[in-house]
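Coordinates from my_file_27.tsv are shown below (TSV, C-alpha atoms and all ligand atoms).
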```tsv
chain	number	residue	atom	x	y	z
A	1	MET	CA	106.67	84.97	118.89
A	2	ASP	CA	103.03	84.30	118.11
A	3	ILE	CA	100.27	86.13	119.97
A	4	THR	CA	96.91	84.73	121.03
A	5	ILE	CA	94.15	87.06	122.19
A	6	LYS	CA	91.32	85.20	123.94
A	7	ASP	CA	87.92	86.73	124.71
A	8	LEU	CA	89.56	90.06	125.41
A	9	THR	CA	87.20	92.73	126.75
A	10	LYS	CA	87.69	96.21	128.15
A	11	SER	CA	84.65	97.82	129.73
A	12	TYR	CA	84.21	101.33	131.02
A	13	GLU	CA	81.15	101.03	133.25
A	14	ASN	CA	78.51	99.71	130.85
A	15	PHE	CA	80.43	100.55	127.69
A	16	ARG	CA	82.51	97.84	126.05
A	17	ALA	CA	85.41	99.55	124.25
A	18	VAL	CA	86.75	96.12	123.24
A	19	ASP	CA	84.19	93.34	123.21
A	20	GLY	CA	85.22	89.69	123.29
A	21	MET	CA	88.15	89.86	120.90
A	22	ASN	CA	89.74	86.63	119.64
A	23	LEU	CA	92.79	86.79	117.38
A	24	HIS	CA	95.77	84.64	116.64
A	25	ILE	CA	98.81	86.37	115.19
A	26	LYS	CA	101.52	84.16	113.76
A	27	ASP	CA	105.17	84.57	114.52
A	28	GLY	CA	106.71	87.25	112.29
A	29	GLU	CA	103.39	88.53	110.94
A	30	LEU	CA	102.43	92.16	110.59
A	31	VAL	CA	98.79	92.57	111.52
A	32	GLY	CA	96.93	95.80	110.88
A	33	LEU	CA	94.25	96.75	113.42
A	34	LEU	CA	91.93	98.85	111.32
A	35	GLY	CA	88.71	100.69	112.01
A	36	PRO	CA	87.06	104.06	112.43
A	37	SER	CA	87.79	106.42	115.30
A	38	GLY	CA	86.60	105.04	118.63
A	39	CYS	CA	86.29	101.39	117.51
A	40	GLY	CA	88.74	100.16	120.17
A	41	LYS	CA	92.05	99.89	118.30
A	42	SER	CA	94.20	101.80	120.77
A	43	THR	CA	92.48	100.17	123.72
A	44	THR	CA	93.47	96.77	122.27
A	45	LEU	CA	97.05	97.90	121.73
A	46	PHE	CA	97.30	99.31	125.24
A	47	MET	CA	96.12	96.01	126.69
A	48	LEU	CA	98.75	94.19	124.60
A	49	ALA	CA	101.36	96.62	125.92
A	50	GLY	CA	100.23	96.13	129.52
A	51	LEU	CA	99.30	99.81	129.89
A	52	LEU	CA	95.62	98.94	130.37
A	53	GLU	CA	94.21	96.07	132.35
A	54	PRO	CA	91.61	93.95	130.53
A	55	THR	CA	88.22	93.57	132.18
A	56	GLU	CA	88.03	90.01	130.89
A	57	GLY	CA	90.06	87.68	128.73
A	58	LYS	CA	93.67	86.72	128.28
A	59	ILE	CA	96.68	87.52	126.14
A	60	PHE	CA	99.35	84.92	125.37
A	61	PHE	CA	102.79	85.59	123.95
A	62	GLY	CA	103.70	82.15	122.66
A	63	GLU	CA	102.46	79.71	125.29
A	64	PHE	CA	102.95	82.25	128.03
A	65	ASP	CA	99.98	84.05	129.63
A	66	ILE	CA	101.16	87.65	129.94
A	67	THR	CA	97.80	89.18	130.93
A	68	LYS	CA	99.08	90.10	134.39
A	69	ILE	CA	102.71	90.78	133.47
A	70	PRO	CA	103.79	94.44	133.82
A	71	PRO	CA	104.72	96.31	130.62
A	72	GLU	CA	108.46	96.39	131.29
A	73	ASP	CA	108.58	92.60	131.47
A	74	ARG	CA	106.61	91.92	128.30
A	75	GLU	CA	109.49	92.35	125.82
A	76	ILE	CA	107.58	94.72	123.61
A	77	GLY	CA	108.66	97.74	121.57
A	78	LEU	CA	106.19	100.60	121.36
A	79	VAL	CA	105.91	103.39	118.81
A	80	PHE	CA	103.31	106.13	119.04
A	81	GLN	CA	102.02	108.76	116.67
A	82	ASN	CA	103.82	111.64	118.39
A	83	TYR	CA	107.31	109.99	118.36
A	84	ALA	CA	107.82	110.78	122.09
A	85	LEU	CA	111.55	111.35	121.67
A	86	TYR	CA	113.51	113.12	124.40
A	87	PRO	CA	114.06	116.63	122.97
A	88	HIS	CA	117.29	117.38	124.85
A	89	MET	CA	118.97	114.15	123.76
A	90	THR	CA	120.76	113.37	120.50
A	91	VAL	CA	119.53	110.69	118.12
A	92	GLU	CA	122.19	108.37	119.50
A	93	ASP	CA	121.19	108.93	123.12
A	94	ASN	CA	117.53	108.54	122.31
A	95	ILE	CA	118.14	105.15	120.74
A	96	MET	CA	120.50	104.23	123.59
A	97	PHE	CA	118.03	105.21	126.31
A	98	PRO	CA	116.27	101.83	126.79
A	99	LEU	CA	119.66	100.18	127.30
A	100	ILE	CA	120.87	102.56	130.00
A	101	ASN	CA	119.23	100.88	132.94
A	102	ARG	CA	120.19	97.47	131.72
A	103	LYS	CA	123.43	95.87	132.60
A	104	VAL	CA	124.67	96.09	129.04
A	105	ASN	CA	128.36	96.57	128.34
A	106	LYS	CA	128.89	100.13	127.03
A	107	ASN	CA	130.69	99.14	123.86
A	108	LYS	CA	128.13	96.45	123.15
A	109	ALA	CA	125.35	99.02	123.68
A	110	ARG	CA	126.98	101.46	121.24
A	111	GLU	CA	127.35	98.71	118.69
A	112	ARG	CA	123.71	97.80	119.06
A	113	VAL	CA	122.62	101.45	118.80
A	114	TYR	CA	124.65	101.87	115.62
A	115	GLU	CA	123.18	98.69	114.20
A	116	MET	CA	119.66	99.98	114.87
A	117	ALA	CA	120.46	103.43	113.46
A	118	LYS	CA	121.72	101.73	110.31
A	119	LEU	CA	118.61	99.61	110.07
A	120	VAL	CA	116.43	102.74	110.04
A	121	LYS	CA	118.97	104.69	107.91
A	122	MET	CA	119.79	107.29	110.55
A	123	GLU	CA	123.46	106.43	111.14
A	124	ASP	CA	124.68	109.72	109.62
A	125	LEU	CA	122.56	111.89	111.92
A	126	MET	CA	123.51	110.45	115.29
A	127	LYS	CA	124.51	113.76	116.90
A	128	ARG	CA	121.37	115.64	115.88
A	129	LYS	CA	118.63	116.62	118.31
A	130	PRO	CA	115.00	115.68	117.48
A	131	LYS	CA	113.89	119.23	116.66
A	132	SER	CA	116.36	119.42	113.79
A	133	LEU	CA	114.88	116.27	112.23
A	134	SER	CA	111.93	115.87	109.86
A	135	GLY	CA	108.83	113.99	111.04
A	136	GLY	CA	109.85	110.92	109.08
A	137	GLN	CA	113.35	110.98	110.57
A	138	GLN	CA	111.97	111.35	114.08
A	139	GLN	CA	109.73	108.35	113.50
A	140	ARG	CA	112.74	106.33	112.30
A	141	VAL	CA	114.51	107.15	115.55
A	142	ALA	CA	111.42	106.13	117.52
A	143	ILE	CA	111.38	102.78	115.68
A	144	ALA	CA	115.10	102.23	116.31
A	145	ARG	CA	114.56	103.00	120.00
A	146	ALA	CA	111.64	100.56	120.15
A	147	LEU	CA	113.76	97.79	118.62
A	148	VAL	CA	117.05	98.34	120.44
A	149	LYS	CA	116.22	95.96	123.30
A	150	GLU	CA	115.38	93.20	120.81
A	151	PRO	CA	111.74	92.93	121.81
A	152	LYS	CA	109.63	89.94	120.80
A	153	VAL	CA	106.66	92.07	119.72
A	154	LEU	CA	106.43	95.51	118.10
A	155	LEU	CA	103.32	97.61	118.72
A	156	LEU	CA	102.72	100.66	116.53
A	157	ASP	CA	99.87	103.09	117.31
A	158	GLU	CA	99.07	105.28	114.28
A	159	PRO	CA	102.81	105.80	113.69
A	160	LEU	CA	102.35	107.70	110.43
A	161	SER	CA	99.50	110.06	111.31
A	162	ASN	CA	101.70	113.11	111.74
A	163	LEU	CA	103.40	112.76	108.37
A	164	ASP	CA	102.35	114.31	105.07
A	165	ALA	CA	100.83	112.12	102.35
A	166	LYS	CA	103.99	111.35	100.36
A	167	LEU	CA	106.12	110.68	103.41
A	168	ARG	CA	103.41	108.47	104.86
A	169	ILE	CA	103.68	106.18	101.84
A	170	ASP	CA	107.49	106.11	101.98
A	171	MET	CA	107.49	105.45	105.71
A	172	ARG	CA	104.96	102.65	105.56
A	173	GLU	CA	107.23	100.89	103.07
A	174	GLU	CA	110.12	101.51	105.44
A	175	ILE	CA	108.21	100.01	108.35
A	176	ARG	CA	107.43	96.96	106.26
A	177	ARG	CA	111.07	96.61	105.21
A	178	ILE	CA	112.36	96.95	108.77
A	179	GLN	CA	109.71	94.60	110.16
A	180	LYS	CA	110.51	91.89	107.61
A	181	LYS	CA	114.25	92.30	108.12
A	182	VAL	CA	113.95	91.96	111.88
A	183	GLY	CA	111.22	89.33	111.54
A	184	ILE	CA	109.36	90.68	114.53
A	185	THR	CA	105.66	90.00	115.17
A	186	THR	CA	104.03	93.41	114.75
A	187	ILE	CA	100.66	94.98	115.38
A	188	PHE	CA	100.00	98.20	113.56
A	189	VAL	CA	97.04	100.39	114.51
A	190	THR	CA	95.64	102.61	111.80
A	191	HIS	CA	92.36	104.11	110.62
A	192	ASP	CA	93.76	104.33	107.07
A	193	GLN	CA	92.50	101.35	105.07
A	194	GLU	CA	94.96	101.80	102.23
A	195	GLU	CA	97.85	101.89	104.68
A	196	ALA	CA	96.64	98.72	106.39
A	197	MET	CA	96.01	96.91	103.13
A	198	SER	CA	99.36	97.79	101.61
A	199	ILE	CA	101.64	96.52	104.38
A	200	SER	CA	99.73	94.01	106.49
A	201	ASP	CA	99.97	90.25	106.23
A	202	ARG	CA	96.52	90.18	107.75
A	203	ILE	CA	94.04	92.82	108.83
A	204	ALA	CA	91.56	92.84	111.69
A	205	VAL	CA	88.76	95.26	110.90
A	206	MET	CA	87.05	96.50	114.05
A	207	GLU	CA	83.78	98.27	114.65
A	208	LYS	CA	82.34	99.16	118.07
A	209	GLY	CA	84.90	97.03	119.90
A	210	ILE	CA	84.22	93.94	117.82
A	211	VAL	CA	86.46	92.33	115.20
A	212	GLN	CA	84.28	92.20	112.11
A	213	GLN	CA	86.72	90.24	109.97
A	214	TYR	CA	90.28	88.93	110.20
A	215	GLU	CA	91.78	88.13	106.84
A	216	VAL	CA	94.58	88.70	104.36
A	217	PRO	CA	94.07	92.10	102.65
A	218	GLN	CA	93.08	90.73	99.26
A	219	GLY	CA	90.62	88.24	100.70
A	220	MET	CA	89.03	90.90	102.84
A	221	TYR	CA	88.71	93.33	99.94
A	222	LEU	CA	87.22	90.82	97.52
A	223	ASN	CA	85.16	88.83	100.01
A	224	PRO	CA	84.01	91.17	102.77
A	225	LYS	CA	82.00	89.38	105.43
A	226	ASN	CA	79.51	92.15	105.84
A	227	LEU	CA	78.39	95.55	104.64
A	228	PHE	CA	80.51	97.42	107.19
A	229	VAL	CA	83.76	95.81	106.00
A	230	ALA	CA	82.75	96.23	102.34
A	231	GLN	CA	82.15	99.94	102.86
A	232	PHE	CA	85.15	100.56	105.10
A	233	LEU	CA	87.65	99.09	102.62
A	234	GLY	CA	88.17	100.65	99.23
A	235	MET	CA	88.46	104.16	97.89
A	236	PRO	CA	86.28	105.27	96.15
A	237	GLN	CA	83.77	103.42	98.27
A	238	ILE	CA	81.89	100.37	97.04
A	239	ASN	CA	78.54	101.16	95.36
A	240	CYS	CA	75.71	99.83	97.55
A	241	PHE	CA	72.06	99.83	96.62
A	242	PRO	CA	68.84	97.80	96.99
A	243	ALA	CA	68.12	94.96	94.58
A	244	ARG	CA	65.66	92.12	94.17
A	245	VAL	CA	65.98	88.48	93.16
A	246	ILE	CA	63.23	87.19	90.92
A	247	GLU	CA	63.56	83.62	89.65
A	248	LYS	CA	67.35	83.49	89.90
A	249	GLU	CA	67.79	86.91	88.31
A	250	LEU	CA	69.14	89.85	90.25
A	251	TRP	CA	67.42	93.11	89.40
A	252	CYS	CA	67.74	96.72	90.42
A	253	GLU	CA	64.52	98.35	89.22
A	254	ASP	CA	64.40	97.55	85.49
A	255	VAL	CA	68.08	96.69	85.13
A	256	MET	CA	69.20	93.08	85.34
A	257	LEU	CA	72.52	92.92	87.17
A	258	CYS	CA	73.04	89.18	86.99
A	259	GLY	CA	71.14	86.45	85.17
A	260	GLU	CA	72.18	83.39	87.14
A	261	CYS	CA	71.93	84.08	90.79
A	262	ASN	CA	71.55	81.26	93.26
A	263	LEU	CA	69.39	83.11	95.75
A	264	GLU	CA	65.83	82.90	96.93
A	265	ASN	CA	63.36	85.46	95.70
A	266	GLY	CA	63.44	88.54	97.88
A	267	ASP	CA	65.02	91.91	98.64
A	268	TYR	CA	68.74	92.29	99.15
A	269	THR	CA	71.47	94.92	99.26
A	270	VAL	CA	74.04	94.70	96.50
A	271	GLY	CA	77.62	95.97	96.55
A	272	ILE	CA	79.68	96.59	93.42
A	273	ARG	CA	83.21	97.97	93.60
A	274	PRO	CA	83.85	100.91	91.24
A	275	GLU	CA	86.48	98.92	89.37
A	276	ALA	CA	84.06	96.02	88.81
A	277	PHE	CA	82.35	97.84	85.94
A	278	GLU	CA	83.69	97.02	82.51
A	279	ILE	CA	83.19	99.38	79.62
A	280	CYS	CA	82.18	97.48	76.51
A	281	GLU	CA	80.45	97.78	73.16
A	282	GLU	CA	77.25	96.19	74.36
A	283	GLY	CA	75.70	96.06	77.78
A	284	ILE	CA	73.76	98.50	79.89
A	285	GLU	CA	73.74	102.00	78.46
A	286	VAL	CA	74.47	104.79	80.94
A	287	GLU	CA	75.45	108.44	80.82
A	288	ALA	CA	78.49	110.00	82.43
A	289	LEU	CA	77.23	112.69	84.83
A	290	GLN	CA	80.67	113.77	85.99
A	291	THR	CA	84.20	112.55	85.44
A	292	ARG	CA	87.31	112.95	87.57
A	293	MET	CA	90.79	112.26	86.35
A	294	THR	CA	92.97	110.81	89.11
A	295	GLY	CA	96.07	110.09	87.00
A	296	LYS	CA	96.08	106.41	86.24
A	297	ASP	CA	92.30	106.09	86.62
A	298	LEU	CA	89.24	107.89	85.41
A	299	LEU	CA	86.40	108.09	87.92
A	300	ILE	CA	83.00	108.27	86.27
A	301	TYR	CA	79.82	109.20	88.11
A	302	PHE	CA	76.69	107.84	86.46
A	303	SER	CA	73.21	106.75	87.28
A	304	LEU	CA	72.05	103.12	87.06
A	305	ALA	CA	68.39	102.28	87.68
A	306	GLY	CA	68.02	105.57	89.52
A	307	GLN	CA	71.03	104.89	91.79
A	308	ASP	CA	74.14	107.07	91.94
A	309	MET	CA	77.17	104.99	90.96
A	310	LYS	CA	80.90	105.39	90.55
A	311	ALA	CA	83.01	103.47	88.08
A	312	LEU	CA	86.78	103.46	88.05
A	313	VAL	CA	88.27	102.80	84.62
A	314	HIS	CA	91.62	103.23	82.95
A	315	SER	CA	92.38	106.90	82.33
A	316	ASP	CA	92.88	106.38	78.58
A	317	MET	CA	89.11	105.78	78.19
A	318	GLN	CA	87.57	108.55	76.12
A	319	ILE	CA	84.52	109.33	78.23
A	320	SER	CA	83.53	112.88	78.99
A	321	GLU	CA	80.72	114.42	80.97
A	322	GLY	CA	77.41	113.96	79.18
A	323	SER	CA	78.60	111.14	76.93
A	324	LYS	CA	76.85	107.79	76.77
A	325	PHE	CA	78.67	104.51	77.22
A	326	HIS	CA	77.95	100.84	77.87
A	327	ILE	CA	78.87	98.89	80.95
A	328	ARG	CA	79.00	95.30	82.03
A	329	ILE	CA	79.32	94.11	85.60
A	330	ARG	CA	81.81	91.36	86.36
A	331	LYS	CA	79.55	88.82	87.98
A	332	HIS	CA	81.96	87.52	90.60
A	333	HIS	CA	82.52	91.10	91.76
A	334	ILE	CA	78.90	91.49	92.84
A	335	VAL	CA	78.51	91.15	96.61
A	336	VAL	CA	75.07	90.47	98.05
A	337	PHE	CA	74.07	91.25	101.63
A	338	ASP	CA	71.04	90.08	103.58
A	339	GLU	CA	68.77	92.34	105.63
A	340	ASN	CA	71.29	92.30	108.52
A	341	GLY	CA	74.15	93.36	106.27
A	342	LYS	CA	75.75	89.89	106.26
A	343	THR	CA	77.29	88.73	103.01
A	344	ILE	CA	75.55	85.78	101.42
A	345	ASN	CA	76.85	83.46	98.77
A	346	LYS	CA	75.09	83.98	95.53
A	401	LIG	P1	91.05	106.57	117.50
A	401	LIG	O1	91.33	106.09	116.08
A	401	LIG	O2	90.21	107.78	117.53
A	401	LIG	O3	92.27	106.63	118.34
A	401	LIG	P2	90.39	103.98	118.65
A	401	LIG	O4	89.78	103.01	117.72
A	401	LIG	O5	91.82	103.81	118.96
A	401	LIG	O6	90.08	105.44	118.14
A	401	LIG	P3	89.99	103.78	121.47
A	401	LIG	O7	90.90	104.90	121.85
A	401	LIG	O8	90.46	102.40	121.69
A	401	LIG	O9	89.51	103.94	119.97
A	401	LIG	O10	88.61	103.99	122.25
A	401	LIG	C1	87.53	103.08	122.14
A	401	LIG	C2	86.33	103.63	122.85
A	401	LIG	O11	86.56	103.61	124.27
A	401	LIG	C3	86.00	105.08	122.50
A	401	LIG	O12	84.62	105.20	122.35
A	401	LIG	C4	86.49	105.86	123.69
A	401	LIG	O13	85.72	107.02	123.89
A	401	LIG	C5	86.30	104.87	124.83
A	401	LIG	N1	87.25	105.10	125.94
A	401	LIG	C6	88.59	105.06	125.86
A	401	LIG	N2	89.14	105.32	127.07
A	401	LIG	C7	88.12	105.52	127.92
A	401	LIG	C8	88.04	105.83	129.32
A	401	LIG	N3	89.13	105.98	130.06
A	401	LIG	N4	86.79	105.97	129.85
A	401	LIG	C9	85.70	105.81	129.11
A	401	LIG	N5	85.71	105.51	127.79
A	401	LIG	C10	86.90	105.37	127.21
```

Before we go any further, please render this structure as structure tokens.
Amino acid sequence: MDITIKDLTKSYENFRAVDGMNLHIKDGELVGLLGPSGCGKSTTLFMLAGLLEPTEGKIFFGEFDITKIPPEDREIGLVFQNYALYPHMTVEDNIMFPLINRKVNKNKARERVYEMAKLVKMEDLMKRKPKSLSGGQQQRVAIARALVKEPKVLLLDEPLSNLDAKLRIDMREEIRRIQKKVGITTIFVTHDQEEAMSISDRIAVMEKGIVQQYEVPQGMYLNPKNLFVAQFLGMPQINCFPARVIEKELWCEDVMLCGECNLENGDYTVGIRPEAFEICEEGIEVEALQTRMTGKDLLIYFSLAGQDMKALVHSDMQISEGSKFHIRIRKHHIVVFDENGKTINK
């Protein structure tokens, strides 16, 4: 089922928590709603779920306007951060719960519950109660319960926030696997850019209630539409600093960053991702101020034209604190922003 969000707004008095959102989500896609705390992600999800009434705008599931349809009739599955399992019920009964009030044949219901438990790999723990399960296992049960009624849309609100770092990564892969297997259109709210990038077909980055960019992860990372998106995606953060174009050359103080730049003379902000620096024999000479080994990468702090920079290089590079080395900047990795923070083609 595809989803169309048209001019969706939620206002609280004069404050617009979601401000004129327009998105189209294709059938079977997993879309990550990403942004900092308070940007309107959960408000959007709650409107999709029917738990909050929009101030303006419409939501369509397929051709059908569901804006005024109550939550129970929307055919959605919901998963929250805190699992919200019934503590006194077994895994089996928790997954079964949404089917109880439906006129579903008991044997059929059991079959369906088992099928869901198998999908989330919980079929051997059916008689357990939630408190004897790990966080990851509880979240699997919550996902099975959300899917048992065969909803058309799955809505996930920060489902991995309560899990530790390693489990978070395992579970996000699990969610992706389950989502692809079921083929269900899914919206996944997260403030974790790496999480969103790794499992989403497309990401909507939000700031202050407004969708800043809606794109496939790679496109968004390499071609951010503005400074906010460029800085929000990527860890370590993109290097941003002032620069000047003089006769087609891009300069930061006395360092030429790019010799063939199709921009008018003037002041700009430049963004360079840490991995866009290449270490080479020739090029700009810099000094490593600090280095950090992350495992596969070496993070080098250095100064370029008086600006603090970070470069991310392969960890087999022999560069230690205080040593001098030469860098080159991959030209197509330089992003240029105008005075309003909008990306401009160079
Ligand atoms: P987080 O990641 O912290 O959950 P979020 O992006 O999901 O943040 P929302 O919960 O959607 O953000 O909230 C968006 C904005 O709307 C916030 O500034 C919040 O304070 C505000 N807001 C939410 N509910 C209400 C309410 N009932 N009354 C007034 N303001 C509200």

Near A:Glu275, counting only C-alpha atoms, which residues have an atom at most 12 Å away, once you skip same-chain residues fewer than 6 positions from it, shown as a VMD selection string? chain A and resid 222 234 to 239 297 to 300 309 to 314 327 to 330 333 to 334

Would you save the residues of that selection, restricted to C-alpha atoms, as a short mmCIF file (atom, residue, chain, number, x, y, z; two decimals), in the frame of the given file?
```
data_model
loop_
_atom_site.label_atom_id
_atom_site.label_comp_id
_atom_site.auth_asym_id
_atom_site.auth_seq_id
_atom_site.Cartn_x
_atom_site.Cartn_y
_atom_site.Cartn_z
CA LEU A 222 87.22 90.82 97.52
CA GLY A 234 88.17 100.65 99.23
CA MET A 235 88.46 104.16 97.89
CA PRO A 236 86.28 105.27 96.15
CA GLN A 237 83.77 103.42 98.27
CA ILE A 238 81.89 100.37 97.04
CA ASN A 239 78.54 101.16 95.36
CA ASP A 297 92.30 106.09 86.62
CA LEU A 298 89.24 107.89 85.41
CA LEU A 299 86.40 108.09 87.92
CA ILE A 300 83.00 108.27 86.27
CA MET A 309 77.17 104.99 90.96
CA LYS A 310 80.90 105.39 90.55
CA ALA A 311 83.01 103.47 88.08
CA LEU A 312 86.78 103.46 88.05
CA VAL A 313 88.27 102.80 84.62
CA HIS A 314 91.62 103.23 82.95
CA ILE A 327 78.87 98.89 80.95
CA ARG A 328 79.00 95.30 82.03
CA ILE A 329 79.32 94.11 85.60
CA ARG A 330 81.81 91.36 86.36
CA HIS A 333 82.52 91.10 91.76
CA ILE A 334 78.90 91.49 92.84
#
```

With only C-alpha atoms as the atoms that count, which of A:His24, A:Arg140, A:Arg168, A:Arg202 lies nearest to A:Pro217? A:Arg202

Using only C-alpha atoms and all ligand atoms, the best pick from A:Ile272, A:Leu156, A:Val255, A:Ala146 as closest to ligand LIG 401 (chain A) would be A:Leu156

Check which residues fall inside 10 Å of ligand LIG 401 (chain A) when counting only C-alpha atoms and all ligand atoms, and print them as a VMD selection string. chain A and resid 10 to 18 33 to 47 52 157 to 158 189 to 192 206 to 209

To one decimal place, how far is atom CA of A:Val79 from atom CA of A:Ala142 in Å? 6.3 Å

Option closest in space to A:Phe60, from A:Ile344, A:Ile3, A:Val148, A:Ala305 [counting all atoms listed in the file]: A:Ile3

Considering only C-alpha atoms, can you say which of A:Met256, A:Leu23, A:Leu51, A:Ala276 comes closest to A:Gln213?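 Distance minimum relative to A:Gln213 lands on A:Leu23.
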
Residue among A:Pro159, A:Pro70, A:Gly50, A:Pro87 lying closest to A:Met171, counting all atoms listed in the file: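 That would be A:Pro159, the residue with the smallest distance to A:Met171.
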
Atom CA of A:Lys118 and atom CA of A:Ile178, how far apart in Å?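 If I compute the distance from atom CA of A:Ile178 to atom CA of A:Lys118, I get 10.6 Å.
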
Given all atoms listed in the file as the basis, pick out the residue of A:Val113, A:Leu289, A:Ala84, A:Val335 nearest to A:Glu321.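 Closest candidate: A:Leu289.
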
Work out how far atom CA of A:Ile246 is from atom CA of A:Asn340, in Å to one decimal. 20.0 Å

Once you add 6 Å to each side, what are the centre and edge lengths of the axis-aligned box holding all listed atoms of stretch 163-167 of chain A? One decimal in Å, as lines of an AutoDock Vina configuration file, if you can.
```
center_x = 103.5
center_y = 112.5
center_z = 104.4
size_x = 17.3
size_y = 15.6
size_z = 20.0
```

Env of A:Gly28: 9 Å cut, atoms = all atoms listed in the file, seq-sep filter 3 positions within chain, self excluded. Answer as an NGL selection string. :A and (1-2 or 25 or 153 or 179-180 or 182-186)

If we count all atoms listed in the file, what is near A:Met21 at a cut-off of 7 Å, once residues fewer than 5 positions away on the same chain are taken out, given as a ChimeraX atom specification? /A:5-9,210-211
